[in-house]
file my_file34.pdb (PDB, C-alpha atoms)
MODEL        1
ATOM      1  CA  VAL A 186      72.021  45.595 -78.892
ATOM      2  CA  ALA A 187      73.707  42.542 -77.353
ATOM      3  CA  GLU A 188      74.310  39.268 -79.177
ATOM      4  CA  ASN A 189      74.560  37.214 -76.000
ATOM      5  CA  GLY A 190      73.915  37.769 -72.309
ATOM      6  CA  TRP A 191      71.144  38.353 -69.810
ATOM      7  CA  ILE A 192      69.606  41.136 -67.740
ATOM      8  CA  GLY A 193      67.946  41.303 -64.334
ATOM      9  CA  PHE A 194      68.267  42.164 -60.662
ATOM     10  CA  THR A 195      70.801  40.675 -58.306
ATOM     11  CA  ASP A 196      72.046  41.109 -54.752
ATOM     12  CA  LYS A 197      74.590  39.166 -52.717
ATOM     13  CA  TYR A 198      72.786  35.815 -52.591
ATOM     14  CA  TRP A 199      69.746  36.009 -54.919
ATOM     15  CA  MET A 200      68.895  37.107 -58.439
ATOM     16  CA  THR A 201      66.094  37.289 -61.012
ATOM     17  CA  THR A 202      67.203  37.407 -64.654
ATOM     18  CA  LEU A 203      65.727  37.339 -68.151
ATOM     19  CA  ILE A 204      67.763  35.224 -70.577
ATOM     20  CA  PRO A 205      67.265  34.980 -74.369
ATOM     21  CA  GLN A 206      68.336  31.987 -76.414
ATOM     22  CA  PRO A 207      72.104  31.864 -77.092
ATOM     23  CA  GLY A 208      72.925  33.947 -80.157
ATOM     24  CA  GLN A 209      69.608  35.793 -80.028
ATOM     25  CA  PRO A 210      70.218  39.567 -80.364
ATOM     26  CA  PHE A 211      68.319  41.665 -77.828
ATOM     27  CA  THR A 212      68.254  45.125 -76.347
ATOM     28  CA  ALA A 213      68.718  45.376 -72.573
ATOM     29  CA  VAL A 214      66.800  48.209 -70.911
ATOM     30  CA  ALA A 215      66.905  49.214 -67.230
ATOM     31  CA  LYS A 216      64.389  51.771 -65.962
ATOM     32  CA  TYR A 217      63.485  53.496 -62.718
ATOM     33  CA  THR A 218      60.215  55.329 -62.117
ATOM     34  CA  ALA A 219      60.850  57.858 -59.353
ATOM     35  CA  GLY A 220      57.246  58.630 -58.411
ATOM     36  CA  ALA A 221      56.214  54.993 -58.067
ATOM     37  CA  GLU A 222      59.595  53.763 -56.765
ATOM     38  CA  VAL A 223      59.603  51.067 -59.428
ATOM     39  CA  TYR A 224      62.715  49.420 -60.846
ATOM     40  CA  GLN A 225      62.278  47.553 -64.120
ATOM     41  CA  THR A 226      64.396  45.647 -66.608
ATOM     42  CA  ASP A 227      63.265  44.796 -70.129
ATOM     43  CA  MET A 228      64.615  42.356 -72.665
ATOM     44  CA  ARG A 229      63.535  43.645 -76.078
ATOM     45  CA  LEU A 230      63.829  41.231 -78.989
ATOM     46  CA  PRO A 231      63.890  42.290 -82.658
ATOM     47  CA  VAL A 232      60.541  42.880 -84.333
ATOM     48  CA  GLN A 233      59.418  39.979 -86.490
ATOM     49  CA  ASP A 234      56.914  39.891 -89.339
ATOM     50  CA  VAL A 235      54.200  37.256 -89.097
ATOM     51  CA  ALA A 236      52.695  36.356 -92.467
ATOM     52  CA  PRO A 237      48.992  35.457 -92.653
ATOM     53  CA  GLY A 238      48.365  31.884 -91.679
ATOM     54  CA  THR A 239      51.796  31.380 -90.112
ATOM     55  CA  THR A 240      53.059  31.269 -86.543
ATOM     56  CA  VAL A 241      56.291  32.452 -84.992
ATOM     57  CA  GLY A 242      57.607  31.137 -81.716
ATOM     58  CA  ILE A 243      60.126  32.796 -79.390
ATOM     59  CA  THR A 244      61.749  30.955 -76.484
ATOM     60  CA  SER A 245      63.369  32.765 -73.574
ATOM     61  CA  MET A 246      64.301  31.787 -70.027
ATOM     62  CA  LEU A 247      63.680  33.215 -66.580
ATOM     63  CA  PHE A 248      65.937  32.477 -63.618
ATOM     64  CA  ALA A 249      64.736  33.408 -60.127
ATOM     65  CA  GLY A 250      66.545  31.948 -57.161
ATOM     66  CA  ALA A 251      69.710  31.570 -55.141
ATOM     67  CA  LYS A 252      73.136  32.154 -56.663
ATOM     68  CA  GLU A 253      74.532  28.692 -55.994
ATOM     69  CA  TRP A 254      77.735  28.290 -57.961
ATOM     70  CA  GLU A 255      77.257  24.716 -59.192
ATOM     71  CA  PRO A 256      73.738  25.097 -60.704
ATOM     72  CA  ILE A 257      74.668  28.492 -62.204
ATOM     73  CA  ARG A 258      77.803  26.966 -63.736
ATOM     74  CA  ASP A 259      75.733  24.114 -65.191
ATOM     75  CA  TYR A 260      73.235  26.561 -66.711
ATOM     76  CA  GLN A 261      76.143  28.482 -68.233
ATOM     77  CA  ASP A 262      77.813  25.374 -69.678
ATOM     78  CA  ASP A 263      74.747  23.384 -70.712
ATOM     79  CA  ASP A 264      72.504  26.192 -71.995
ATOM     80  CA  GLY A 265      75.249  28.482 -73.320
ATOM     81  CA  ILE A 266      74.410  31.432 -71.038
ATOM     82  CA  VAL A 267      77.412  33.731 -71.424
ATOM     83  CA  GLN A 268      79.249  34.638 -68.168
ATOM     84  CA  PHE A 269      76.365  33.474 -65.986
ATOM     85  CA  VAL A 270      78.739  32.590 -63.124
ATOM     86  CA  ASP A 271      79.784  36.241 -63.104
ATOM     87  CA  SER A 272      76.428  37.021 -61.519
ATOM     88  CA  ILE A 273      78.435  36.205 -58.375
ATOM     89  CA  ASP A 274      80.561  39.211 -57.444
ATOM     90  CA  TRP A 275      84.092  37.795 -57.549
ATOM     91  CA  GLY A 276      85.719  41.175 -56.881
ATOM     92  CA  TRP A 277      88.916  42.761 -58.205
ATOM     93  CA  PHE A 278      90.969  39.598 -57.701
ATOM     94  CA  PHE A 279      88.526  37.452 -59.715
ATOM     95  CA  PHE A 280      91.464  35.619 -61.322
ATOM     96  CA  LEU A 281      92.289  34.328 -57.808
ATOM     97  CA  THR A 282      88.793  34.276 -56.303
ATOM     98  CA  LYS A 283      87.243  31.986 -58.917
ATOM     99  CA  PRO A 284      89.835  29.164 -58.753
ATOM    100  CA  MET A 285      90.042  29.543 -54.978
ATOM    101  CA  PHE A 286      86.300  29.023 -54.632
ATOM    102  CA  GLN A 287      86.378  26.066 -57.037
ATOM    103  CA  LEU A 288      89.109  24.447 -54.934
ATOM    104  CA  LEU A 289      87.171  25.209 -51.746
ATOM    105  CA  HIS A 290      84.019  23.728 -53.288
ATOM    106  CA  PHE A 291      85.928  20.571 -54.310
ATOM    107  CA  LEU A 292      87.429  20.175 -50.821
ATOM    108  CA  ASN A 293      84.003  20.655 -49.234
ATOM    109  CA  GLN A 294      82.562  17.890 -51.422
ATOM    110  CA  LEU A 295      85.519  15.683 -50.495
ATOM    111  CA  ILE A 296      85.489  16.397 -46.730
ATOM    112  CA  GLY A 297      81.838  17.239 -46.154
ATOM    113  CA  ASN A 298      82.486  20.251 -43.920
ATOM    114  CA  MET A 299      83.183  23.762 -45.183
ATOM    115  CA  GLY A 300      85.238  24.718 -42.106
ATOM    116  CA  TRP A 301      87.638  21.818 -42.573
ATOM    117  CA  ALA A 302      87.651  22.618 -46.306
ATOM    118  CA  ILE A 303      88.931  26.126 -45.440
ATOM    119  CA  ILE A 304      91.735  24.568 -43.382
ATOM    120  CA  GLY A 305      92.463  22.191 -46.272
ATOM    121  CA  LEU A 306      92.603  25.185 -48.609
ATOM    122  CA  THR A 307      95.145  26.774 -46.258
ATOM    123  CA  PHE A 308      97.358  23.669 -46.549
ATOM    124  CA  VAL A 309      97.169  23.843 -50.355
ATOM    125  CA  VAL A 310      98.039  27.573 -50.400
ATOM    126  CA  LYS A 311     101.008  27.016 -48.075
ATOM    127  CA  LEU A 312     102.188  24.103 -50.226
ATOM    128  CA  VAL A 313     102.046  26.192 -53.413
ATOM    129  CA  LEU A 314     103.914  29.053 -51.728
ATOM    130  CA  PHE A 315     106.452  26.805 -50.010
ATOM    131  CA  PRO A 316     109.372  27.565 -52.409
ATOM    132  CA  LEU A 317     108.898  31.276 -51.770
ATOM    133  CA  ALA A 318     108.565  30.686 -48.026
ATOM    134  CA  TYR A 319     111.701  28.539 -47.992
ATOM    135  CA  LYS A 320     113.720  31.261 -49.669
ATOM    136  CA  SER A 321     112.312  33.901 -47.344
ATOM    137  CA  TYR A 322     112.832  32.031 -44.066
ATOM    138  CA  SER A 323     116.299  30.881 -45.153
ATOM    139  CA  SER A 324     117.203  34.535 -45.675
ATOM    140  CA  MET A 325     115.749  35.403 -42.263
ATOM    141  CA  ALA A 326     117.820  32.637 -40.658
ATOM    142  CA  LYS A 327     120.982  34.003 -42.256
ATOM    143  CA  MET A 328     120.044  37.511 -41.097
ATOM    144  CA  LYS A 329     119.687  36.175 -37.568
ATOM    145  CA  MET A 330     123.112  34.536 -37.728
ATOM    146  CA  LEU A 331     124.608  37.827 -38.961
ATOM    147  CA  GLN A 332     123.371  39.774 -35.916
ATOM    148  CA  PRO A 333     126.765  39.699 -34.108
ATOM    149  CA  GLU A 334     128.481  41.079 -37.233
ATOM    150  CA  MET A 335     125.777  43.742 -37.546
ATOM    151  CA  GLU A 336     126.344  44.870 -33.971
ATOM    152  CA  LYS A 337     130.086  45.209 -34.645
ATOM    153  CA  LEU A 338     129.371  47.320 -37.711
ATOM    154  CA  LYS A 339     127.134  49.623 -35.675
ATOM    155  CA  GLU A 340     129.800  50.092 -33.035
ATOM    156  CA  ARG A 341     132.451  50.777 -35.662
ATOM    157  CA  ALA A 342     130.332  53.225 -37.687
ATOM    158  CA  GLY A 343     128.964  55.132 -34.702
ATOM    159  CA  ASP A 344     126.756  58.006 -35.882
ATOM    160  CA  ASP A 345     127.896  57.782 -39.492
ATOM    161  CA  ARG A 346     124.706  56.304 -40.987
ATOM    162  CA  GLN A 347     125.990  56.475 -44.562
ATOM    163  CA  ALA A 348     129.091  54.449 -43.719
ATOM    164  CA  LEU A 349     126.965  51.960 -41.751
ATOM    165  CA  GLN A 350     124.577  51.527 -44.684
ATOM    166  CA  LYS A 351     127.470  50.972 -47.099
ATOM    167  CA  GLU A 352     129.115  48.345 -44.882
ATOM    168  CA  MET A 353     125.809  46.579 -44.279
ATOM    169  CA  MET A 354     125.145  46.314 -48.007
ATOM    170  CA  ALA A 355     128.655  44.942 -48.515
ATOM    171  CA  LEU A 356     128.004  42.355 -45.787
ATOM    172  CA  TYR A 357     124.684  41.316 -47.372
ATOM    173  CA  LYS A 358     126.390  40.942 -50.756
ATOM    174  CA  LYS A 359     129.234  38.911 -49.287
ATOM    175  CA  GLU A 360     126.909  36.536 -47.404
ATOM    176  CA  LYS A 361     124.338  36.480 -50.249
ATOM    177  CA  VAL A 362     121.503  37.656 -48.050
ATOM    178  CA  ASN A 363     118.478  39.630 -49.237
ATOM    179  CA  PRO A 364     117.007  41.590 -46.303
ATOM    180  CA  ALA A 365     113.781  42.222 -48.248
ATOM    181  CA  ALA A 366     113.116  38.513 -48.820
ATOM    182  CA  GLY A 367     111.196  38.214 -45.558
ATOM    183  CA  CYS A 368     108.486  40.518 -46.931
ATOM    184  CA  LEU A 369     107.697  38.379 -49.988
ATOM    185  CA  PRO A 370     105.320  35.850 -48.326
ATOM    186  CA  ILE A 371     103.420  38.715 -46.672
ATOM    187  CA  LEU A 372     103.014  40.562 -49.975
ATOM    188  CA  VAL A 373     101.738  37.415 -51.705
ATOM    189  CA  GLN A 374      99.333  36.694 -48.831
ATOM    190  CA  ILE A 375      97.555  40.069 -49.200
ATOM    191  CA  PRO A 376      95.650  39.326 -52.467
ATOM    192  CA  ILE A 377      95.004  35.763 -51.265
ATOM    193  CA  PHE A 378      93.517  37.112 -48.030
ATOM    194  CA  PHE A 379      91.256  39.566 -49.865
ATOM    195  CA  SER A 380      90.205  36.883 -52.351
ATOM    196  CA  LEU A 381      89.226  34.501 -49.573
ATOM    197  CA  TYR A 382      87.405  37.346 -47.811
ATOM    198  CA  LYS A 383      85.405  37.883 -51.009
ATOM    199  CA  VAL A 384      84.671  34.162 -51.349
ATOM    200  CA  ILE A 385      83.366  33.932 -47.791
ATOM    201  CA  PHE A 386      81.450  37.207 -48.019
ATOM    202  CA  VAL A 387      79.554  36.716 -51.302
ATOM    203  CA  THR A 388      79.166  32.974 -51.942
ATOM    204  CA  LEU A 389      75.964  31.342 -50.803
ATOM    205  CA  GLU A 390      77.705  28.050 -50.044
ATOM    206  CA  LEU A 391      79.213  29.474 -46.824
ATOM    207  CA  ARG A 392      75.947  31.017 -45.612
ATOM    208  CA  HIS A 393      74.802  29.053 -42.536
ATOM    209  CA  ALA A 394      77.591  26.507 -43.169
ATOM    210  CA  PRO A 395      78.589  24.952 -39.803
ATOM    211  CA  PHE A 396      82.089  24.027 -38.627
ATOM    212  CA  ILE A 397      82.480  22.613 -35.113
ATOM    213  CA  GLY A 398      80.558  23.145 -31.895
ATOM    214  CA  TRP A 399      79.484  26.750 -31.572
ATOM    215  CA  ILE A 400      80.342  27.764 -35.170
ATOM    216  CA  LYS A 401      77.005  27.374 -36.953
ATOM    217  CA  ASP A 402      77.560  29.960 -39.699
ATOM    218  CA  LEU A 403      80.981  30.477 -41.285
ATOM    219  CA  SER A 404      79.800  33.695 -42.950
ATOM    220  CA  ALA A 405      79.066  35.274 -39.530
ATOM    221  CA  PRO A 406      81.473  36.323 -36.722
ATOM    222  CA  ASP A 407      82.424  33.876 -33.971
ATOM    223  CA  PRO A 408      79.329  33.999 -31.688
ATOM    224  CA  THR A 409      81.238  33.423 -28.430
ATOM    225  CA  SER A 410      82.533  36.259 -26.266
ATOM    226  CA  TRP A 411      85.243  36.674 -23.661
ATOM    227  CA  LEU A 412      82.900  39.024 -21.775
ATOM    228  CA  ASN A 413      80.916  36.048 -20.421
ATOM    229  CA  LEU A 414      83.861  33.628 -20.489
ATOM    230  CA  PHE A 415      82.649  32.110 -23.791
ATOM    231  CA  GLY A 416      79.243  31.147 -22.426
ATOM    232  CA  ILE A 417      80.346  29.813 -19.019
ATOM    233  CA  LEU A 418      78.746  32.779 -17.254
ATOM    234  CA  PRO A 419      74.972  33.138 -17.841
ATOM    235  CA  TYR A 420      75.160  36.749 -19.021
ATOM    236  CA  ASP A 421      73.781  38.201 -22.223
ATOM    237  CA  VAL A 422      76.508  40.219 -23.974
ATOM    238  CA  SER A 423      74.579  41.117 -27.120
ATOM    239  CA  TRP A 424      74.754  44.761 -25.990
ATOM    240  CA  ALA A 425      78.521  44.862 -26.546
ATOM    241  CA  PRO A 426      79.990  45.963 -29.906
ATOM    242  CA  VAL A 427      81.173  42.977 -31.961
ATOM    243  CA  ILE A 428      84.658  44.463 -32.287
ATOM    244  CA  LEU A 429      85.060  44.267 -28.480
ATOM    245  CA  SER A 430      83.050  41.127 -27.755
ATOM    246  CA  ILE A 431      85.468  38.799 -29.536
ATOM    247  CA  GLY A 432      85.281  35.032 -29.390
ATOM    248  CA  VAL A 433      87.512  31.968 -29.318
ATOM    249  CA  PHE A 434      88.901  31.998 -32.860
ATOM    250  CA  PRO A 435      89.821  35.714 -32.933
ATOM    251  CA  ILE A 436      91.746  35.189 -29.676
ATOM    252  CA  LEU A 437      93.466  32.125 -31.159
ATOM    253  CA  MET A 438      94.393  34.259 -34.156
ATOM    254  CA  GLY A 439      96.017  36.860 -31.880
ATOM    255  CA  ILE A 440      97.913  34.201 -29.914
ATOM    256  CA  THR A 441      99.216  32.409 -33.041
ATOM    257  CA  MET A 442     100.336  35.728 -34.552
ATOM    258  CA  TRP A 443     102.092  36.611 -31.273
ATOM    259  CA  LEU A 444     103.857  33.216 -31.140
ATOM    260  CA  GLN A 445     104.957  33.655 -34.744
ATOM    261  CA  GLN A 446     106.616  36.933 -33.753
ATOM    262  CA  LYS A 447     108.501  35.220 -30.951
ATOM    263  CA  LEU A 448     110.545  33.211 -33.437
ATOM    264  CA  ASN A 449     112.683  36.345 -33.667
ATOM    265  CA  PRO A 450     114.176  38.486 -30.877
ATOM    266  CA  THR A 451     112.428  41.694 -29.846
ATOM    267  CA  PRO A 452     113.672  44.616 -32.013
ATOM    268  CA  THR A 453     116.200  46.824 -30.257
ATOM    269  CA  ASP A 454     114.473  50.004 -31.465
ATOM    270  CA  ALA A 455     111.890  50.978 -28.819
ATOM    271  CA  THR A 456     109.294  52.295 -31.288
ATOM    272  CA  GLN A 457     109.573  49.263 -33.535
ATOM    273  CA  ALA A 458     109.364  46.937 -30.526
ATOM    274  CA  MET A 459     106.182  48.666 -29.331
ATOM    275  CA  ILE A 460     104.540  48.369 -32.765
ATOM    276  CA  PHE A 461     105.418  44.673 -32.970
ATOM    277  CA  ALA A 462     104.159  44.089 -29.434
ATOM    278  CA  TRP A 463     100.748  45.620 -30.114
ATOM    279  CA  MET A 464     100.232  44.321 -33.653
ATOM    280  CA  PRO A 465      98.795  40.825 -32.852
ATOM    281  CA  TRP A 466      96.274  42.234 -30.390
ATOM    282  CA  VAL A 467      95.231  45.088 -32.685
ATOM    283  CA  PHE A 468      94.631  42.568 -35.482
ATOM    284  CA  MET A 469      92.781  40.324 -33.037
ATOM    285  CA  PHE A 470      90.203  43.042 -32.329
ATOM    286  CA  MET A 471      90.133  44.346 -35.913
ATOM    287  CA  LEU A 472      89.431  40.932 -37.459
ATOM    288  CA  GLY A 473      87.324  39.678 -34.554
ATOM    289  CA  SER A 474      84.169  41.003 -36.190
ATOM    290  CA  PHE A 475      84.972  39.377 -39.551
ATOM    291  CA  ALA A 476      83.344  36.171 -40.776
ATOM    292  CA  SER A 477      84.478  33.216 -38.663
ATOM    293  CA  GLY A 478      85.511  31.323 -41.814
ATOM    294  CA  LEU A 479      88.072  34.012 -42.573
ATOM    295  CA  VAL A 480      89.412  34.016 -39.007
ATOM    296  CA  ILE A 481      89.685  30.212 -39.078
ATOM    297  CA  TYR A 482      91.783  30.533 -42.250
ATOM    298  CA  TRP A 483      94.026  33.079 -40.507
ATOM    299  CA  VAL A 484      94.498  30.825 -37.449
ATOM    300  CA  ALA A 485      95.425  27.873 -39.685
ATOM    301  CA  ASN A 486      97.715  30.066 -41.787
ATOM    302  CA  ASN A 487      99.526  31.441 -38.701
ATOM    303  CA  THR A 488      99.971  27.941 -37.272
ATOM    304  CA  LEU A 489     101.395  26.505 -40.511
ATOM    305  CA  THR A 490     103.625  29.567 -40.981
ATOM    306  CA  PHE A 491     105.007  29.108 -37.454
ATOM    307  CA  ILE A 492     105.809  25.437 -38.148
ATOM    308  CA  GLN A 493     107.372  26.232 -41.545
ATOM    309  CA  GLN A 494     109.485  29.110 -40.266
ATOM    310  CA  TYR A 495     110.705  27.218 -37.186
ATOM    311  CA  THR A 496     111.621  24.114 -39.218
ATOM    312  CA  ILE A 497     113.392  26.019 -42.019
ATOM    313  CA  MET A 498     115.340  28.262 -39.629
ATOM    314  CA  ARG A 499     116.498  25.209 -37.649
ATOM    315  CA  ALA A 500     117.539  23.508 -40.883
ATOM    316  CA  GLN A 501     119.598  26.587 -41.821
ATOM    317  CA  GLY A 502     121.507  26.488 -38.522
ATOM    318  CA  ALA A 503     119.568  29.227 -36.694
ATOM    319  CA  LYS A 504     118.001  28.165 -33.391
ATOM    320  CA  PRO A 505     114.960  30.304 -32.536
ATOM    321  CA  ASP A 506     114.831  30.883 -28.785
ATOM    322  CA  ILE A 507     111.059  31.132 -28.460
ATOM    323  CA  PHE A 508     110.853  31.010 -24.666
ATOM    324  CA  GLY A 509     113.820  33.357 -24.310
ATOM    325  CA  ASN A 510     112.192  35.844 -26.686
ATOM    326  CA  ILE A 511     108.938  35.623 -24.730
ATOM    327  CA  LYS A 512     110.741  36.298 -21.453
ATOM    328  CA  SER A 513     112.677  39.229 -22.897
ATOM    329  CA  GLY A 514     109.429  40.729 -24.139
ATOM    330  CA  PHE A 515     108.102  40.861 -20.571
ATOM    331  CA  LYS A 516     111.261  42.302 -19.073
ATOM    332  CA  ARG A 517     111.248  45.987 -18.201
ATOM    333  CA  LYS A 518     114.233  48.253 -18.157
ATOM    334  CA  LYS A 519     115.459  49.407 -14.796
ATOM    335  CA  PRO A 520     115.067  53.142 -13.994
ATOM    336  CA  ASP A 521     118.824  53.783 -14.379
ATOM    337  CA  GLU A 522     118.925  52.132 -17.827
ATOM    338  CA  THR A 523     118.808  54.317 -20.901
TER
ENDMDL
END
call {"tool": "encode", "arguments": {"input": "my_file34.pdb", "output": "structure tokens"}}
result
Amino acid sequence: VAENGWIGFTDKYWMTTLIPQPGQPFTAVAKYTAGAEVYQTDMRLPVQDVAPGTTVGITSMLFAGAKEWEPIRDYQDDDGIVQFVDSIDWGWFFFLTKPMFQLLHFLNQLIGNMGWAIIGLTFVVKLVLFPLAYKSYSSMAKMKMLQPEMEKLKERAGDDRQALQKEMMALYKKEKVNPAAGCLPILVQIPIFFSLYKVIFVTLELRHAPFIGWIKDLSAPDPTSWLNLFGILPYDVSWAPVILSIGVFPILMGITMWLQQKLNPTPTDATQAMIFAWMPWVFMFMLGSFASGLVIYWVANNTLTFIQQYTIMRAQGAKPDIFGNIKSGFKRKKPDET
């Protein structure tokens, strides 16, 4: 027996629920009849005695409709329906997903366009994480400036990896550099990314929400395709798998990720260099079939990260050679080089 709550059927965007009065005990029953393929939910209230000549009234509520956050929140607050907003599946990171959606909803009301609200949300996230980013990119700048010293240590240590490791740690301690600091923004971004994915995937407010031009639904993949030059050629490409028929924003995501990599020189290790070289394009195809709202967030995030990292590294005395790093990435070793 529950003291508060509700029972019903729900999917991603819609629900039908039975709701007793707040504080009214009830028994929630869910049934399935296999032969008739019938699903049923019952809200059983306590038995009441009705004396002769008297009447007893019971009030309950029925909700049947779309799971729009604002009306559901108002029903929860005004009518005392416990955890009614949790009819929306906020996912594992609900402690991030809920406030993130509320901020996105506020920005959409302020701007009037959900796509620009997503970009505005990206600015807010980057602003909140700026102290962490500053520390990380400052450490990366110092690491870059220590490269000549690192090369000398490698030459001096030769094949003695233990001695090399010991001297490197001593160098980091002396220069007050944390080589793991560069990973911190990435680690923090992972739950934020999954939370935003959940927001875009399950909230009705992004369904059929337009952005600019060809983006008519932020909950659906970018409808353009490179296979017909983004609509310039009059060819139907609906036959192609979505993961291959990627559009404008997935390609922009790959390019911005690639440019972000070019703030640092190509790794000297051949295997590591190959992984880094392929990573932006693998992500481009992997995320190309995701909701366009999520890809737009990733493009904005990559762009702001590039600007932040470039500015902070310059301020710390490191001068990223973007064009030089791009050129070196295209250079091939000569046959006689080992």
call {"tool": "axis_aligned_box", "arguments": {"input": "my_file34.pdb", "around": "stretch 292-305 of chain A", "padding_each_side": "4 Å", "output": "lines of an AutoDock Vina configuration file"}}
result
center_x = 87.2
center_y = 20.9
center_z = -46.8
size_x = 18.6
size_y = 18.4
size_z = 17.3
call {"tool": "resolve_selection", "arguments": {"input": "my_file34.pdb", "expression": "the PyMOL selection byres ((chain A and resi 189-202) around 9)", "output": "MDAnalysis selection string"}}
result
chainID A and resid 187:188 203:211 213:215 225:228 246:253 266:269 272:274 386:389
call {"tool": "atom_distance", "arguments": {"input": "my_file34.pdb", "atom1": "atom CA of A:Leu288", "atom2": "atom CA of A:His393"}}
result
19.5 Å
call {"tool": "residues_around", "arguments": {"input": "my_file34.pdb", "residues": "stretch 425-442 of chain A", "least_positions_apart": "5", "cutoff": "7 Å", "atoms": "all atoms listed in the file", "output": "PDB file with C-alpha atoms, in the coordinates of the input"}}
result
ATOM      1  CA  ASP A 407      82.424  33.876 -33.971  1.00  0.00           C
ATOM      2  CA  PRO A 408      79.329  33.999 -31.688  1.00  0.00           C
ATOM      3  CA  THR A 409      81.238  33.423 -28.430  1.00  0.00           C
ATOM      4  CA  SER A 410      82.533  36.259 -26.266  1.00  0.00           C
ATOM      5  CA  TRP A 411      85.243  36.674 -23.661  1.00  0.00           C
ATOM      6  CA  LEU A 412      82.900  39.024 -21.775  1.00  0.00           C
ATOM      7  CA  PHE A 415      82.649  32.110 -23.791  1.00  0.00           C
ATOM      8  CA  PRO A 465      98.795  40.825 -32.852  1.00  0.00           C
ATOM      9  CA  TRP A 466      96.274  42.234 -30.390  1.00  0.00           C
ATOM     10  CA  PHE A 468      94.631  42.568 -35.482  1.00  0.00           C
ATOM     11  CA  MET A 469      92.781  40.324 -33.037  1.00  0.00           C
ATOM     12  CA  PHE A 470      90.203  43.042 -32.329  1.00  0.00           C
ATOM     13  CA  MET A 471      90.133  44.346 -35.913  1.00  0.00           C
ATOM     14  CA  LEU A 472      89.431  40.932 -37.459  1.00  0.00           C
ATOM     15  CA  GLY A 473      87.324  39.678 -34.554  1.00  0.00           C
ATOM     16  CA  SER A 474      84.169  41.003 -36.190  1.00  0.00           C
ATOM     17  CA  VAL A 480      89.412  34.016 -39.007  1.00  0.00           C
ATOM     18  CA  ILE A 481      89.685  30.212 -39.078  1.00  0.00           C
ATOM     19  CA  TRP A 483      94.026  33.079 -40.507  1.00  0.00           C
ATOM     20  CA  VAL A 484      94.498  30.825 -37.449  1.00  0.00           C
ATOM     21  CA  ASN A 487      99.526  31.441 -38.701  1.00  0.00           C
ATOM     22  CA  THR A 488      99.971  27.941 -37.272  1.00  0.00           C
TER      23      THR A 488
END
call {"tool": "resolve_selection", "arguments": {"input": "my_file34.pdb", "expression": "the PyMOL selection byres ((chain A and resi 402) around 8)", "output": "PyMOL selection string"}}
result
chain A and resi 391-396+400-401+403-405+477
call {"tool": "atom_distance", "arguments": {"input": "my_file34.pdb", "atom1": "atom CA of A:Phe378", "atom2": "atom CA of A:Leu479"}}
result
8.3 Å
call {"tool": "resolve_selection", "arguments": {"input": "my_file34.pdb", "expression": "the PyMOL selection byres ((chain A and resi 289-306) around 7)", "output": "list in words"}}
result
Met285, Phe286, Gln287, Leu288, Thr307, Phe308, Val309, Val310, Ala394, Phe396, Gly478, Tyr482 and Ala485 of chain A
call {"tool": "residues_around", "arguments": {"input": "my_file34.pdb", "residues": "A:Asn413", "least_positions_apart": "5", "cutoff": "10 Å", "atoms": "all atoms listed in the file", "output": "PDB file with C-alpha atoms, in the frame of the given file"}}
result
ATOM      1  CA  LEU A 418      78.746  32.779 -17.254  1.00  0.00           C
ATOM      2  CA  PRO A 419      74.972  33.138 -17.841  1.00  0.00           C
ATOM      3  CA  TYR A 420      75.160  36.749 -19.021  1.00  0.00           C
ATOM      4  CA  ASP A 421      73.781  38.201 -22.223  1.00  0.00           C
ATOM      5  CA  VAL A 422      76.508  40.219 -23.974  1.00  0.00           C
ATOM      6  CA  SER A 430      83.050  41.127 -27.755  1.00  0.00           C
TER       7      SER A 430
END
call {"tool": "closest_residue", "arguments": {"input": "my_file34.pdb", "among": "A:Met353, A:Asp234, A:Trp463, A:Lys361", "to": "A:Lys339", "atoms": "all atoms listed in the file"}}
result
A:Met353
call {"tool": "closest_residue", "arguments": {"input": "my_file34.pdb", "among": "A:Tyr322, A:Arg341, A:Pro316, A:Leu230", "to": "A:Ala500", "atoms": "only C-alpha atoms"}}
result
A:Tyr322
call {"tool": "atom_distance", "arguments": {"input": "my_file34.pdb", "atom1": "atom CA of A:Gln494", "atom2": "atom CA of A:Lys358"}}
result
23.1 Å
call {"tool": "closest_residue", "arguments": {"input": "my_file34.pdb", "among": "A:Pro231, A:Lys337, A:Val384, A:Pro256", "to": "A:Lys283", "atoms": "only C-alpha atoms"}}
result
A:Val384
call {"tool": "residues_near_point", "arguments": {"input": "my_file34.pdb", "point": "(110.5, 26.4, -38.4)", "cutoff": "12 Å", "atoms": "only C-alpha atoms", "output": "PyMOL selection string"}}
result
chain A and resi 318-319+321-323+325-326+444-445+447-449+488-507
